[in-house]
file coords00.tsv (TSV, C-alpha atoms)
chain	number	residue	atom	x	y	z
Y	539	MET	CA	-1.59	-38.57	-27.61
Y	540	ARG	CA	-2.16	-34.96	-28.63
Y	541	PHE	CA	-4.35	-34.46	-25.53
Y	542	LEU	CA	-1.61	-35.84	-23.25
Y	543	GLU	CA	0.97	-33.58	-24.86
Y	544	ALA	CA	-1.26	-30.52	-24.43
Y	545	SER	CA	-1.98	-31.43	-20.78
Y	546	ILE	CA	1.73	-31.81	-19.97
Y	547	GLU	CA	2.47	-28.53	-21.75
Y	548	SER	CA	-0.28	-26.72	-19.85
Y	549	LEU	CA	0.88	-28.20	-16.51
Y	550	GLY	CA	4.47	-27.21	-17.27
Y	551	ALA	CA	3.39	-23.66	-18.15
Y	552	LYS	CA	1.42	-23.43	-14.89
Y	553	ILE	CA	4.33	-24.70	-12.76
Y	554	THR	CA	6.75	-22.33	-14.53
Y	555	GLY	CA	4.27	-19.51	-13.92
Y	556	TRP	CA	4.05	-20.32	-10.20
Y	557	PHE	CA	7.86	-20.36	-9.91
Y	558	ALA	CA	8.08	-17.05	-11.78
Y	559	VAL	CA	5.50	-15.47	-9.43
Y	560	GLY	CA	7.27	-16.90	-6.36
Y	561	TYR	CA	10.65	-15.71	-7.60
Y	562	GLY	CA	9.25	-12.24	-8.41
Y	563	THR	CA	7.67	-11.93	-4.95
Y	564	PHE	CA	10.80	-13.00	-3.07
Y	565	ALA	CA	13.06	-10.86	-5.28
Y	566	PHE	CA	10.83	-7.86	-4.49
Y	567	LEU	CA	10.96	-8.71	-0.78
Y	568	GLY	CA	14.77	-8.93	-1.01
Y	569	ARG	CA	14.95	-5.48	-2.61
Y	570	ALA	CA	12.62	-4.07	0.06
Y	571	LEU	CA	14.73	-5.60	2.86
Y	572	LEU	CA	17.94	-4.20	1.34
Y	573	LEU	CA	16.33	-0.78	1.15
Y	574	LEU	CA	15.28	-1.11	4.80
Y	575	LEU	CA	18.95	-1.49	5.73
Y	576	ASP	CA	19.87	1.63	3.75
Y	577	ARG	CA	20.27	4.64	6.06
Y	578	THR	CA	18.91	7.07	3.45
Y	579	THR	CA	15.54	5.26	3.44
Y	580	TRP	CA	14.83	6.43	6.95
Y	581	ASN	CA	13.93	10.02	6.26
Y	582	ARG	CA	10.99	12.05	7.49
Y	583	ALA	CA	9.04	11.62	4.22
Y	584	THR	CA	9.09	7.79	4.36
Y	585	PHE	CA	8.25	7.84	8.07
Y	586	ASP	CA	5.24	10.10	7.40
Y	587	VAL	CA	3.92	7.73	4.71
Y	588	VAL	CA	4.41	4.74	7.07
Y	589	VAL	CA	2.41	6.52	9.79
Y	590	LYS	CA	-0.33	7.30	7.24
Y	591	GLN	CA	-0.42	3.64	6.16
Y	592	VAL	CA	-0.70	2.40	9.75
Y	593	TYR	CA	-3.52	4.90	10.29
Y	594	PHE	CA	-5.45	3.74	7.21
Y	595	THR	CA	-4.82	0.02	7.83
Y	596	ALA	CA	-5.26	-0.22	11.60
Y	597	VAL	CA	-6.45	2.92	13.38
Y	598	GLN	CA	-9.27	3.84	11.00
Y	599	ILE	CA	-10.92	0.42	11.41
Y	600	LEU	CA	-10.10	-0.09	15.08
Y	601	HIS	CA	-13.66	0.26	16.46
Y	602	VAL	CA	-15.15	-2.06	13.82
Y	603	PHE	CA	-12.34	-4.56	14.27
Y	604	LEU	CA	-12.58	-4.60	18.08
Y	605	GLY	CA	-16.37	-5.05	17.88
Y	606	TYR	CA	-15.89	-7.96	15.50
Y	607	ALA	CA	-13.15	-9.50	17.70
Y	608	LEU	CA	-15.39	-9.10	20.74
Y	609	ILE	CA	-18.32	-10.95	19.15
Y	610	ILE	CA	-16.15	-13.78	17.76
Y	611	SER	CA	-14.28	-14.13	21.09
Y	612	TRP	CA	-17.50	-14.15	23.11
Y	613	LEU	CA	-19.00	-16.84	20.84
Y	614	ILE	CA	-15.92	-19.08	20.93
Y	615	VAL	CA	-15.41	-18.64	24.69
Y	616	THR	CA	-19.09	-19.52	25.30
Y	617	ILE	CA	-18.88	-22.62	23.06
Y	618	ILE	CA	-15.65	-23.82	24.72
Y	619	LEU	CA	-16.98	-23.20	28.22
Y	620	SER	CA	-20.30	-24.97	27.69
Y	621	THR	CA	-18.58	-27.92	25.98
Y	622	ALA	CA	-15.99	-28.14	28.76
Y	623	ARG	CA	-18.74	-28.08	31.41
Y	624	GLU	CA	-20.66	-30.79	29.57
Y	625	PHE	CA	-17.63	-33.10	29.56
Y	626	GLY	CA	-16.44	-32.12	33.04
Y	627	LEU	CA	-13.26	-30.52	31.74
Y	628	THR	CA	-13.78	-27.03	33.15
Y	629	GLU	CA	-10.18	-26.81	34.41
Y	630	PHE	CA	-8.95	-27.01	30.81
Y	631	ALA	CA	-11.37	-24.38	29.48
Y	632	MET	CA	-9.04	-21.45	30.05
Y	633	GLU	CA	-6.06	-23.10	28.36
Y	634	MET	CA	-8.25	-24.26	25.48
Y	635	THR	CA	-9.65	-20.74	25.03
Y	636	ILE	CA	-6.20	-19.17	24.92
Y	637	ARG	CA	-4.79	-21.76	22.53
Y	638	VAL	CA	-7.72	-21.66	20.12
Y	639	LEU	CA	-8.52	-17.96	20.23
Y	640	VAL	CA	-5.40	-15.99	21.06
Y	641	LEU	CA	-2.79	-18.17	19.36
Y	642	GLU	CA	-4.67	-19.34	16.28
Y	643	LEU	CA	-8.07	-17.95	15.39
Y	644	LEU	CA	-7.69	-14.23	16.14
Y	645	PRO	CA	-4.35	-13.73	14.29
Y	646	PHE	CA	-5.78	-15.66	11.32
Y	647	LEU	CA	-9.00	-13.61	11.27
Y	648	THR	CA	-7.01	-10.38	11.70
Y	649	ALA	CA	-4.93	-11.27	8.63
Y	650	LEU	CA	-8.10	-12.04	6.65
Y	651	PHE	CA	-9.71	-8.78	7.81
Y	652	VAL	CA	-6.69	-6.68	6.78
Y	653	ALA	CA	-6.31	-8.63	3.52
Y	654	LEU	CA	-9.92	-8.05	2.51
Y	655	ARG	CA	-9.93	-4.40	3.48
Y	656	SER	CA	-6.41	-3.13	2.75
Y	657	GLY	CA	-4.81	-5.89	0.65
Y	658	SER	CA	-7.47	-5.66	-2.06
Y	659	ALA	CA	-7.25	-1.84	-2.02
Y	660	ILE	CA	-3.45	-1.97	-2.32
Y	661	ASN	CA	-3.65	-4.45	-5.20
Y	662	THR	CA	-6.18	-2.27	-7.06
Y	663	GLU	CA	-4.28	0.95	-6.45
Y	664	ILE	CA	-0.90	-0.41	-7.59
Y	665	ALA	CA	-2.50	-2.02	-10.66
Y	666	LEU	CA	-4.18	1.29	-11.57
Y	667	MET	CA	-0.94	3.18	-10.96
Y	668	ARG	CA	0.80	0.84	-13.36
Y	669	VAL	CA	-1.93	0.97	-16.01
Y	670	ASN	CA	-2.17	4.80	-15.82
Y	671	ASN	CA	1.63	5.27	-16.07
Y	672	GLU	CA	1.74	6.91	-12.63
Y	673	LEU	CA	4.77	4.80	-11.72
Y	674	ASP	CA	6.55	6.00	-14.88
Y	675	ALA	CA	5.72	9.59	-13.93
Y	676	LEU	CA	7.23	9.06	-10.46
Y	677	ALA	CA	10.34	7.55	-12.07
Y	678	HIS	CA	10.61	10.58	-14.39
Y	679	CYS	CA	10.48	12.85	-11.33
Y	680	LYS	CA	13.13	10.68	-9.61
Y	681	VAL	CA	10.74	9.94	-6.74
Y	682	PRO	CA	11.55	6.31	-5.82
Y	683	PRO	CA	8.26	4.32	-5.86
Y	684	MET	CA	9.76	1.65	-3.58
Y	685	GLN	CA	10.46	4.24	-0.90
Y	686	PHE	CA	7.34	6.33	-1.44
Y	687	GLU	CA	4.68	3.76	-2.34
Y	688	PHE	CA	5.68	0.16	-1.61
Y	689	LEU	CA	7.91	0.01	1.46
Y	690	PRO	CA	5.54	2.08	3.67
Y	691	ARG	CA	2.71	-0.29	2.73
Y	692	LEU	CA	4.77	-3.35	3.69
Y	693	ILE	CA	5.82	-1.83	7.02
Y	694	GLY	CA	2.28	-0.55	7.63
Y	695	GLY	CA	0.84	-4.02	6.96
Y	696	VAL	CA	3.23	-5.78	9.34
Y	697	VAL	CA	2.78	-3.21	12.13
Y	698	SER	CA	-1.02	-3.20	11.68
Y	699	VAL	CA	-1.52	-6.97	11.74
Y	700	VAL	CA	0.80	-7.40	14.76
Y	701	ALA	CA	-0.92	-4.54	16.63
Y	702	LEU	CA	-4.49	-5.59	15.77
Y	703	ALA	CA	-3.85	-9.27	16.58
Y	704	SER	CA	-2.28	-8.26	19.93
Y	705	LEU	CA	-5.24	-6.05	20.82
Y	706	ALA	CA	-7.73	-8.74	19.82
Y	707	GLY	CA	-5.75	-11.29	21.88
Y	708	LEU	CA	-5.79	-9.05	24.97
Y	709	LEU	CA	-9.53	-8.49	24.53
Y	710	ALA	CA	-10.10	-12.24	24.24
Y	711	LEU	CA	-8.06	-12.90	27.41
Y	712	LEU	CA	-10.12	-10.35	29.32
Y	713	LEU	CA	-13.36	-11.79	27.99
Y	714	ALA	CA	-12.27	-15.34	28.85
Y	715	TYR	CA	-11.48	-14.32	32.43
Y	716	LEU	CA	-14.82	-12.52	32.82
Y	717	SER	CA	-16.72	-15.47	31.35
Y	718	ILE	CA	-15.07	-17.98	33.69
Y	719	TYR	CA	-14.61	-16.01	36.94
Y	720	GLY	CA	-16.94	-13.03	36.47
Y	721	LEU	CA	-15.98	-9.73	38.11
Y	722	SER	CA	-14.35	-11.48	41.09
Y	723	MET	CA	-10.56	-11.40	41.57
Y	724	ALA	CA	-10.66	-14.92	43.03
Y	725	GLY	CA	-9.43	-16.64	39.90
Y	726	PHE	CA	-6.75	-14.09	39.04
Y	727	GLU	CA	-3.82	-16.14	40.36
Y	728	ALA	CA	-4.88	-19.33	38.56
Y	729	PHE	CA	-5.58	-17.31	35.43
Y	730	THR	CA	-2.17	-15.60	35.36
Y	731	ARG	CA	-0.46	-18.93	36.09
Y	732	THR	CA	-2.19	-20.53	33.07
Y	733	VAL	CA	-1.31	-17.55	30.86
Y	734	ALA	CA	2.33	-17.65	31.97
Y	735	ARG	CA	2.53	-21.41	31.36
Y	736	ILE	CA	1.21	-21.10	27.81
Y	737	PHE	CA	3.05	-17.95	26.79
Y	738	ASP	CA	6.65	-19.11	27.12
Y	739	PHE	CA	9.31	-17.42	24.99
Y	740	ARG	CA	9.00	-19.90	22.11
Y	741	ILE	CA	5.24	-19.41	21.81
Y	742	VAL	CA	5.40	-15.60	22.05
Y	743	ALA	CA	8.22	-15.43	19.47
Y	744	GLY	CA	6.34	-17.83	17.19
Y	745	LEU	CA	3.14	-15.77	17.51
Y	746	ALA	CA	5.02	-12.54	16.72
Y	747	VAL	CA	6.72	-14.10	13.68
Y	748	LYS	CA	3.42	-15.56	12.46
Y	749	CYS	CA	1.63	-12.20	12.75
Y	750	ALA	CA	4.54	-10.43	11.01
Y	751	LEU	CA	4.41	-12.99	8.18
Y	752	PHE	CA	0.64	-12.51	7.92
Y	753	GLY	CA	1.19	-8.74	7.71
Y	754	LEU	CA	3.82	-9.20	5.03
Y	755	ALA	CA	1.61	-11.60	3.02
Y	756	VAL	CA	-1.39	-9.25	2.99
Y	757	THR	CA	0.69	-6.36	1.61
Y	758	LEU	CA	3.64	-7.86	-0.29
Y	759	ILE	CA	1.51	-10.16	-2.47
Y	760	PRO	CA	-1.01	-7.44	-3.49
Y	761	VAL	CA	1.87	-5.05	-4.32
Y	762	THR	CA	3.67	-7.59	-6.54
Y	763	ALA	CA	0.38	-8.71	-8.13
Y	764	GLY	CA	-0.41	-5.07	-8.91
Y	765	LEU	CA	3.02	-4.56	-10.46
Y	766	GLU	CA	2.54	-7.61	-12.71
Y	767	THR	CA	-0.62	-6.12	-14.27
Y	768	PRO	CA	-0.36	-5.65	-18.05
Y	769	LYS	CA	-0.98	-2.03	-19.09
Y	770	LYS	CA	-4.63	-2.64	-19.95
Y	771	LEU	CA	-7.47	-1.31	-17.82
Y	772	PHE	CA	-9.59	-4.44	-18.17
Y	773	MET	CA	-6.77	-6.47	-16.58
Y	774	VAL	CA	-7.09	-4.65	-13.22
Y	775	PRO	CA	-9.92	-6.89	-11.86
Y	776	VAL	CA	-7.98	-9.97	-13.04
Y	777	SER	CA	-4.90	-8.71	-11.19
Y	778	VAL	CA	-6.90	-8.18	-7.96
Y	779	LEU	CA	-8.51	-11.62	-8.29
Y	780	ARG	CA	-5.11	-13.28	-8.73
Y	781	GLY	CA	-3.54	-11.24	-5.96
Y	782	MET	CA	-6.28	-12.02	-3.44
Y	783	MET	CA	-6.22	-15.74	-4.25
Y	784	ARG	CA	-2.47	-15.76	-3.65
Y	785	VAL	CA	-2.97	-13.86	-0.37
Y	786	PHE	CA	-5.53	-16.43	0.77
Y	787	PHE	CA	-3.22	-19.38	-0.05
Y	788	ALA	CA	-0.29	-17.63	1.64
Y	789	ILE	CA	-2.29	-16.97	4.84
Y	790	VAL	CA	-3.50	-20.57	4.97
Y	791	ALA	CA	0.04	-21.86	4.28
Y	792	ILE	CA	1.48	-19.72	7.12
Y	793	GLU	CA	-1.23	-20.94	9.52
Y	794	VAL	CA	-0.75	-24.60	8.55
Y	795	LEU	CA	3.04	-24.28	8.90
Y	796	SER	CA	2.67	-22.63	12.29
Y	797	LEU	CA	0.30	-25.36	13.52
Y	798	ALA	CA	2.61	-28.09	12.21
Y	799	LEU	CA	5.64	-26.54	13.94
Y	800	LYS	CA	3.74	-26.21	17.20
Y	801	TYR	CA	1.87	-29.46	17.46
Y	802	ILE	CA	3.53	-32.08	15.23
V	1416	MET	CA	10.18	11.27	-26.70
V	1417	THR	CA	10.59	9.06	-23.64
V	1418	ALA	CA	14.27	8.65	-24.62
V	1419	LEU	CA	15.04	12.26	-23.66
V	1420	GLY	CA	17.82	12.57	-21.08
V	1421	ASP	CA	17.71	13.34	-17.38
V	1422	ASP	CA	18.30	17.03	-18.06
V	1423	VAL	CA	14.82	17.37	-19.53
V	1424	ALA	CA	11.63	17.85	-17.52
V	1425	ARG	CA	8.59	16.70	-19.48
V	1426	VAL	CA	4.97	17.65	-19.33
V	1427	ALA	CA	3.23	14.91	-21.26
V	1428	PRO	CA	-0.05	12.96	-21.37
V	1429	ASP	CA	1.88	9.77	-20.52
V	1430	LEU	CA	3.27	11.29	-17.29
V	1431	PRO	CA	0.08	11.78	-15.24
V	1432	LEU	CA	-0.30	13.03	-11.67
V	1433	ARG	CA	-0.67	10.66	-8.72
V	1434	ALA	CA	-4.45	10.37	-8.67
V	1435	ASN	CA	-4.88	10.09	-4.90
V	1436	LEU	CA	-2.72	13.11	-4.09
V	1437	SER	CA	-3.70	16.76	-4.25
V	1438	ALA	CA	-2.06	19.15	-6.72
V	1439	LEU	CA	0.04	20.50	-3.86
V	1440	ASP	CA	1.21	17.04	-2.73
V	1441	ASN	CA	2.05	16.01	-6.30
V	1442	ILE	CA	4.41	18.98	-6.60
V	1443	ALA	CA	5.71	18.76	-3.01
V	1444	LEU	CA	6.94	15.20	-3.65
V	1445	ILE	CA	9.91	16.62	-5.55
V	1446	PRO	CA	11.52	18.73	-2.78
V	1447	LEU	CA	10.45	16.09	-0.23
V	1448	TYR	CA	12.19	13.14	-1.88
V	1449	GLN	CA	14.88	14.76	-4.02
V	1450	ARG	CA	16.09	17.59	-1.86
V	1451	HIS	CA	15.02	16.14	1.53
V	1452	TYR	CA	13.06	19.14	2.76
V	1453	ASP	CA	10.51	18.45	5.47
V	1454	ALA	CA	6.80	18.20	4.61
V	1455	ALA	CA	5.93	21.78	5.62
V	1456	ASP	CA	8.80	23.30	3.62
V	1457	SER	CA	8.01	21.15	0.59
V	1458	ALA	CA	4.35	22.20	0.72
V	1459	ARG	CA	5.39	25.85	0.96
V	1460	GLN	CA	7.63	25.51	-2.11
V	1461	ALA	CA	4.87	23.74	-4.04
V	1462	LEU	CA	2.35	26.44	-3.17
V	1463	ALA	CA	4.82	29.15	-4.20
V	1464	MET	CA	5.24	27.43	-7.57
V	1465	LEU	CA	1.48	27.21	-8.15
V	1466	ASP	CA	1.18	30.84	-7.08
V	1467	ALA	CA	3.92	31.86	-9.54
V	1468	LEU	CA	1.84	30.21	-12.28
V	1469	GLY	CA	-1.24	32.09	-11.08
V	1470	HIS	CA	-3.10	28.97	-9.93
V	1471	ALA	CA	-2.63	28.77	-6.14
V	1472	THR	CA	-6.35	28.01	-5.71
V	1473	ILE	CA	-6.04	24.53	-7.27
V	1474	ALA	CA	-3.65	23.35	-4.50
V	1475	PRO	CA	-6.19	21.11	-2.67
V	1476	LEU	CA	-7.69	19.53	-5.80
V	1477	ARG	CA	-7.03	15.92	-6.75
V	1478	ASP	CA	-6.56	14.84	-10.36
V	1479	PRO	CA	-10.16	13.68	-10.99
V	1480	ASP	CA	-11.51	17.00	-9.65
V	1481	MET	CA	-9.37	19.18	-11.94
V	1482	THR	CA	-10.21	20.61	-15.34
V	1483	PRO	CA	-7.73	19.67	-18.10
V	1484	ALA	CA	-6.15	23.16	-17.83
V	1485	GLN	CA	-5.74	22.85	-14.03
V	1486	ARG	CA	-4.24	19.39	-14.48
V	1487	PHE	CA	-1.81	20.78	-17.04
V	1488	VAL	CA	-0.76	23.60	-14.70
V	1489	THR	CA	-0.08	21.06	-11.93
V	1490	GLN	CA	1.98	18.90	-14.28
V	1491	LEU	CA	3.85	22.01	-15.43
V	1492	ALA	CA	4.49	23.10	-11.83
V	1493	ARG	CA	5.81	19.61	-11.04
V	1494	ALA	CA	8.10	19.73	-14.07
V	1495	LEU	CA	9.36	23.21	-13.14
V	1496	MET	CA	9.98	22.02	-9.58
V	1497	LEU	CA	12.43	19.47	-11.00
V	1498	ARG	CA	14.69	22.45	-11.91
V	1499	ARG	CA	16.07	20.80	-15.03
V	1500	PRO	CA	17.74	22.93	-17.72
V	1501	ARG	CA	15.14	22.14	-20.39
V	1502	LEU	CA	11.37	21.82	-20.26
V	1503	VAL	CA	9.53	19.92	-22.97
V	1504	ILE	CA	5.76	20.19	-23.34
V	1505	ASP	CA	4.77	17.11	-25.30
V	1506	ARG	CA	1.55	17.15	-27.36
V	1507	PRO	CA	-0.18	19.97	-25.43
V	1508	GLY	CA	-3.32	19.52	-27.51
V	1509	ALA	CA	-3.83	16.09	-25.91
V	1510	MET	CA	-3.83	17.70	-22.45
V	1511	LEU	CA	-5.32	21.15	-23.00
V	1512	TYR	CA	-8.55	20.44	-24.79
V	1513	ASP	CA	-10.61	22.95	-22.78
V	1514	VAL	CA	-8.62	26.14	-23.53
V	1515	PRO	CA	-7.02	27.71	-26.61
V	1516	TYR	CA	-3.70	26.19	-25.70
V	1517	PRO	CA	-0.87	28.07	-27.38
V	1518	ASP	CA	-2.19	31.27	-25.77
V	1519	PHE	CA	-2.69	29.54	-22.43
V	1520	ILE	CA	0.91	28.25	-22.41
V	1521	ARG	CA	2.19	31.64	-23.56
V	1522	ARG	CA	0.41	33.32	-20.63
V	1523	LEU	CA	1.89	30.81	-18.18
V	1524	ALA	CA	5.38	31.29	-19.61
V	1525	ALA	CA	5.00	35.06	-19.34
V	1526	GLN	CA	4.61	34.90	-15.54
V	1527	PRO	CA	7.45	36.88	-13.93
V	1528	ALA	CA	8.92	33.87	-12.08
V	1529	MET	CA	9.23	31.73	-15.23
V	1530	SER	CA	12.58	31.33	-16.94
V	1531	GLY	CA	14.61	28.72	-18.87
V	1532	THR	CA	14.00	27.01	-22.19
V	1533	TRP	CA	10.51	25.72	-22.90
V	1534	ASP	CA	10.11	23.52	-26.00
V	1535	ILE	CA	6.73	22.48	-27.35
V	1536	TYR	CA	6.47	19.25	-29.36
V	1537	ASP	CA	3.21	19.16	-31.26
V	1538	PHE	CA	1.72	17.44	-34.28
V	1539	SER	CA	2.71	18.99	-37.60
V	1540	TRP	CA	-0.90	19.75	-38.49
V	1541	ASN	CA	-1.11	22.06	-35.45
V	1542	GLN	CA	1.74	24.23	-36.78
V	1543	VAL	CA	-0.75	26.90	-37.86
V	1544	LEU	CA	-1.56	27.52	-34.20
V	1545	TYR	CA	1.96	28.79	-33.55
V	1546	PRO	CA	2.63	32.13	-35.30
V	1547	ARG	CA	6.27	32.55	-36.40
call {"tool": "encode", "arguments": {"input": "coords00.tsv", "output": "structure tokens"}}
result
Amino acid sequence: MRFLEASIESLGAKITGWFAVGYGTFAFLGRALLLLLDRTTWNRATFDVVVKQVYFTAVQILHVFLGYALIISWLIVTIILSTAREFGLTEFAMEMTIRVLVLELLPFLTALFVALRSGSAINTEIALMRVNNELDALAHCKVPPMQFEFLPRLIGGVVSVVALASLAGLLALLLAYLSIYGLSMAGFEAFTRTVARIFDFRIVAGLAVKCALFGLAVTLIPVTAGLETPKKLFMVPVSVLRGMMRVFFAIVAIEVLSLALKYI
Amino acid sequence: MTALGDDVARVAPDLPLRANLSALDNIALIPLYQRHYDAADSARQALAMLDALGHATIAPLRDPDMTPAQRFVTQLARALMLRRPRLVIDRPGAMLYDVPYPDFIRRLAAQPAMSGTWDIYDFSWNQVLYPR
């Protein structure tokens, strides 16, 4: 009986904890969105920090990311093409490639790439700022941390994931064309027709929203996880661990939701 | 101490610098965000403040690369940049452990550009360090 009581208590505490984290994250997002609508937010200083964030998150890693996207795309395109040839379904290879690579796999991998590189760094930095009282020092100097530290990271994350996923998608399209038709222009009309058929307004809007949500997840969750860190140095790794687990679940949830909306 | 009002600028061990910014950027944040100067103007003002304290050479250093005295000067410059009527230096011994600190603070306060009220809050057992 005692065991049952303890289990129910522990489950209740966990569920309450999840709700508290969810509420905290969405409340923070609400505050950030309200600040976005405030005219005074859009000053030169904030813009400069946003540009710096986009540089660190997307531009600095561009060559590595494009190399990685190229290898993944080439592998997937080759697998799809050889399988399609084997089953005599070559005419569907292009559509299959676009649907699997450009709409699903590359945005998902981009989000994972940015989460592992920038999300973990953001989580660690915010947690250390909190533990070292740097946020209190900014508040004492009346420098708004939301405007100076958090909002630029959120905007930088969204812009970076959307831009990187778009670039990777374009690269995959080019690679798919070259793999199927080679350097000849003979298949260009059929190729553009397939692309146009797949990328109707609903799909493009859905892809943009999905990438934006990925970008938000890989920055918003690490920021809020960092802010939750108790003021003890040994809690920083725990904060990063929790933050990155939440990022992973959020990315998977967004992907599953997007697939369900598209195909079910 | 943390309950002091908004008219007080504090230099204290619990108000550290932003670790990933240089001394110059830490000070330039104030004109940039409070008085909406552009980045170049804010940097110029920050450098002028460090120069007035006789430490312009520490401008490019980040917190981990500074000596305790250099860190203190940066924190002091940041506090002075706030242009509040009162400046409180809280437990200087906890920040200035590499220099004889009452003399060091006295020398900084004696710089021609310095003015206003500077208060030092220190432990009672350090009273002997401050001649009446």
call {"tool": "interface_residues", "arguments": {"input": "coords00.tsv", "of": "chain Y", "to": "chain V", "cutoff": "12 Å", "atoms": "all atoms listed in the file", "output": "short mmCIF file (atom, residue, chain, number, x, y, z; two decimals) with C-alpha atoms, in the frame of the given file"}}
result
data_model
loop_
_atom_site.label_atom_id
_atom_site.label_comp_id
_atom_site.auth_asym_id
_atom_site.auth_seq_id
_atom_site.Cartn_x
_atom_site.Cartn_y
_atom_site.Cartn_z
CA THR Y 578 18.91 7.07 3.45
CA THR Y 579 15.54 5.26 3.44
CA TRP Y 580 14.83 6.43 6.95
CA ASN Y 581 13.93 10.02 6.26
CA ARG Y 582 10.99 12.05 7.49
CA ALA Y 583 9.04 11.62 4.22
CA THR Y 584 9.09 7.79 4.36
CA PHE Y 585 8.25 7.84 8.07
CA ASP Y 586 5.24 10.10 7.40
CA VAL Y 587 3.92 7.73 4.71
CA GLU Y 663 -4.28 0.95 -6.45
CA ILE Y 664 -0.90 -0.41 -7.59
CA LEU Y 666 -4.18 1.29 -11.57
CA MET Y 667 -0.94 3.18 -10.96
CA ARG Y 668 0.80 0.84 -13.36
CA VAL Y 669 -1.93 0.97 -16.01
CA ASN Y 670 -2.17 4.80 -15.82
CA ASN Y 671 1.63 5.27 -16.07
CA GLU Y 672 1.74 6.91 -12.63
CA LEU Y 673 4.77 4.80 -11.72
CA ASP Y 674 6.55 6.00 -14.88
CA ALA Y 675 5.72 9.59 -13.93
CA LEU Y 676 7.23 9.06 -10.46
CA ALA Y 677 10.34 7.55 -12.07
CA HIS Y 678 10.61 10.58 -14.39
CA CYS Y 679 10.48 12.85 -11.33
CA LYS Y 680 13.13 10.68 -9.61
CA VAL Y 681 10.74 9.94 -6.74
CA PRO Y 682 11.55 6.31 -5.82
CA PRO Y 683 8.26 4.32 -5.86
CA MET Y 684 9.76 1.65 -3.58
CA GLN Y 685 10.46 4.24 -0.90
CA PHE Y 686 7.34 6.33 -1.44
CA GLU Y 687 4.68 3.76 -2.34
#
call {"tool": "residues_near_point", "arguments": {"input": "coords00.tsv", "point": "(-1.9, -10.0, 27.6)", "cutoff": "12 Å", "atoms": "only C-alpha atoms", "output": "list in words"}}
result
Ile636, Val640, Leu641, Ala703, Ser704, Leu705, Ala706, Gly707, Leu708, Leu709, Ala710, Leu711, Leu712, Leu713, Ala714, Tyr715, Phe729, Thr730, Thr732, Val733, Ala734, Ile736, Phe737 and Val742 of chain Y
call {"tool": "closest_residue", "arguments": {"input": "coords00.tsv", "among": "Y:Ala743, Y:Ala701, Y:Val588, Y:Leu689", "to": "Gly568 of chain Y", "atoms": "only C-alpha atoms"}}
result
Y:Leu689
call {"tool": "closest_residue", "arguments": {"input": "coords00.tsv", "among": "V:Pro1546, V:Pro1527, V:Gly1420, V:Pro1483", "to": "Val1514 of chain V", "atoms": "all atoms listed in the file"}}
result
V:Pro1483
call {"tool": "atom_distance", "arguments": {"input": "coords00.tsv", "atom1": "atom CA of Arg1498 of chain V", "atom2": "atom CA of Leu1462 of chain V"}}
result
15.6 Å
call {"tool": "closest_residue", "arguments": {"input": "coords00.tsv", "among": "V:Pro1515, V:Pro1500, V:Pro1475, V:Gly1508", "to": "Trp1533 of chain V", "atoms": "only C-alpha atoms"}}
result
V:Pro1500
call {"tool": "residues_around", "arguments": {"input": "coords00.tsv", "residues": "Leu1436 of chain V", "least_positions_apart": "6", "cutoff": "9 Å", "atoms": "all atoms listed in the file", "output": "mmCIF file with C-alpha atoms, in the coordinates of the input"}}
result
data_model
loop_
_atom_site.group_PDB
_atom_site.id
_atom_site.type_symbol
_atom_site.label_atom_id
_atom_site.label_comp_id
_atom_site.auth_asym_id
_atom_site.auth_seq_id
_atom_site.Cartn_x
_atom_site.Cartn_y
_atom_site.Cartn_z
ATOM 1 C CA PRO V 1475 -6.190 21.110 -2.670
ATOM 2 C CA LEU V 1476 -7.690 19.530 -5.800
ATOM 3 C CA ARG V 1477 -7.030 15.920 -6.750
ATOM 4 C CA ASP V 1478 -6.560 14.840 -10.360
#
call {"tool": "atom_distance", "arguments": {"input": "coords00.tsv", "atom1": "atom CA of Pro1507 of chain V", "atom2": "atom CA of Ile1520 of chain V"}}
result
8.9 Å
call {"tool": "atom_distance", "arguments": {"input": "coords00.tsv", "atom1": "atom CA of Val785 of chain Y", "atom2": "atom CA of Ile759 of chain Y"}}
result
6.2 Å
call {"tool": "closest_residue", "arguments": {"input": "coords00.tsv", "among": "Y:Phe646, Y:Phe787, Y:Tyr593, Y:Tyr561", "to": "Cys749 of chain Y", "atoms": "only C-alpha atoms"}}
result
Y:Phe646
call {"tool": "residues_around", "arguments": {"input": "coords00.tsv", "residues": "Val559 of chain Y", "least_positions_apart": "6", "cutoff": "12 Å", "atoms": "all atoms listed in the file", "output": "list in words"}}
result
Lys552, Ile553, Ala565, Phe566, Ile759, Pro760, Thr762, Ala763, Gly764, Leu765, Glu766, Arg780, Gly781 and Arg784 of chain Y
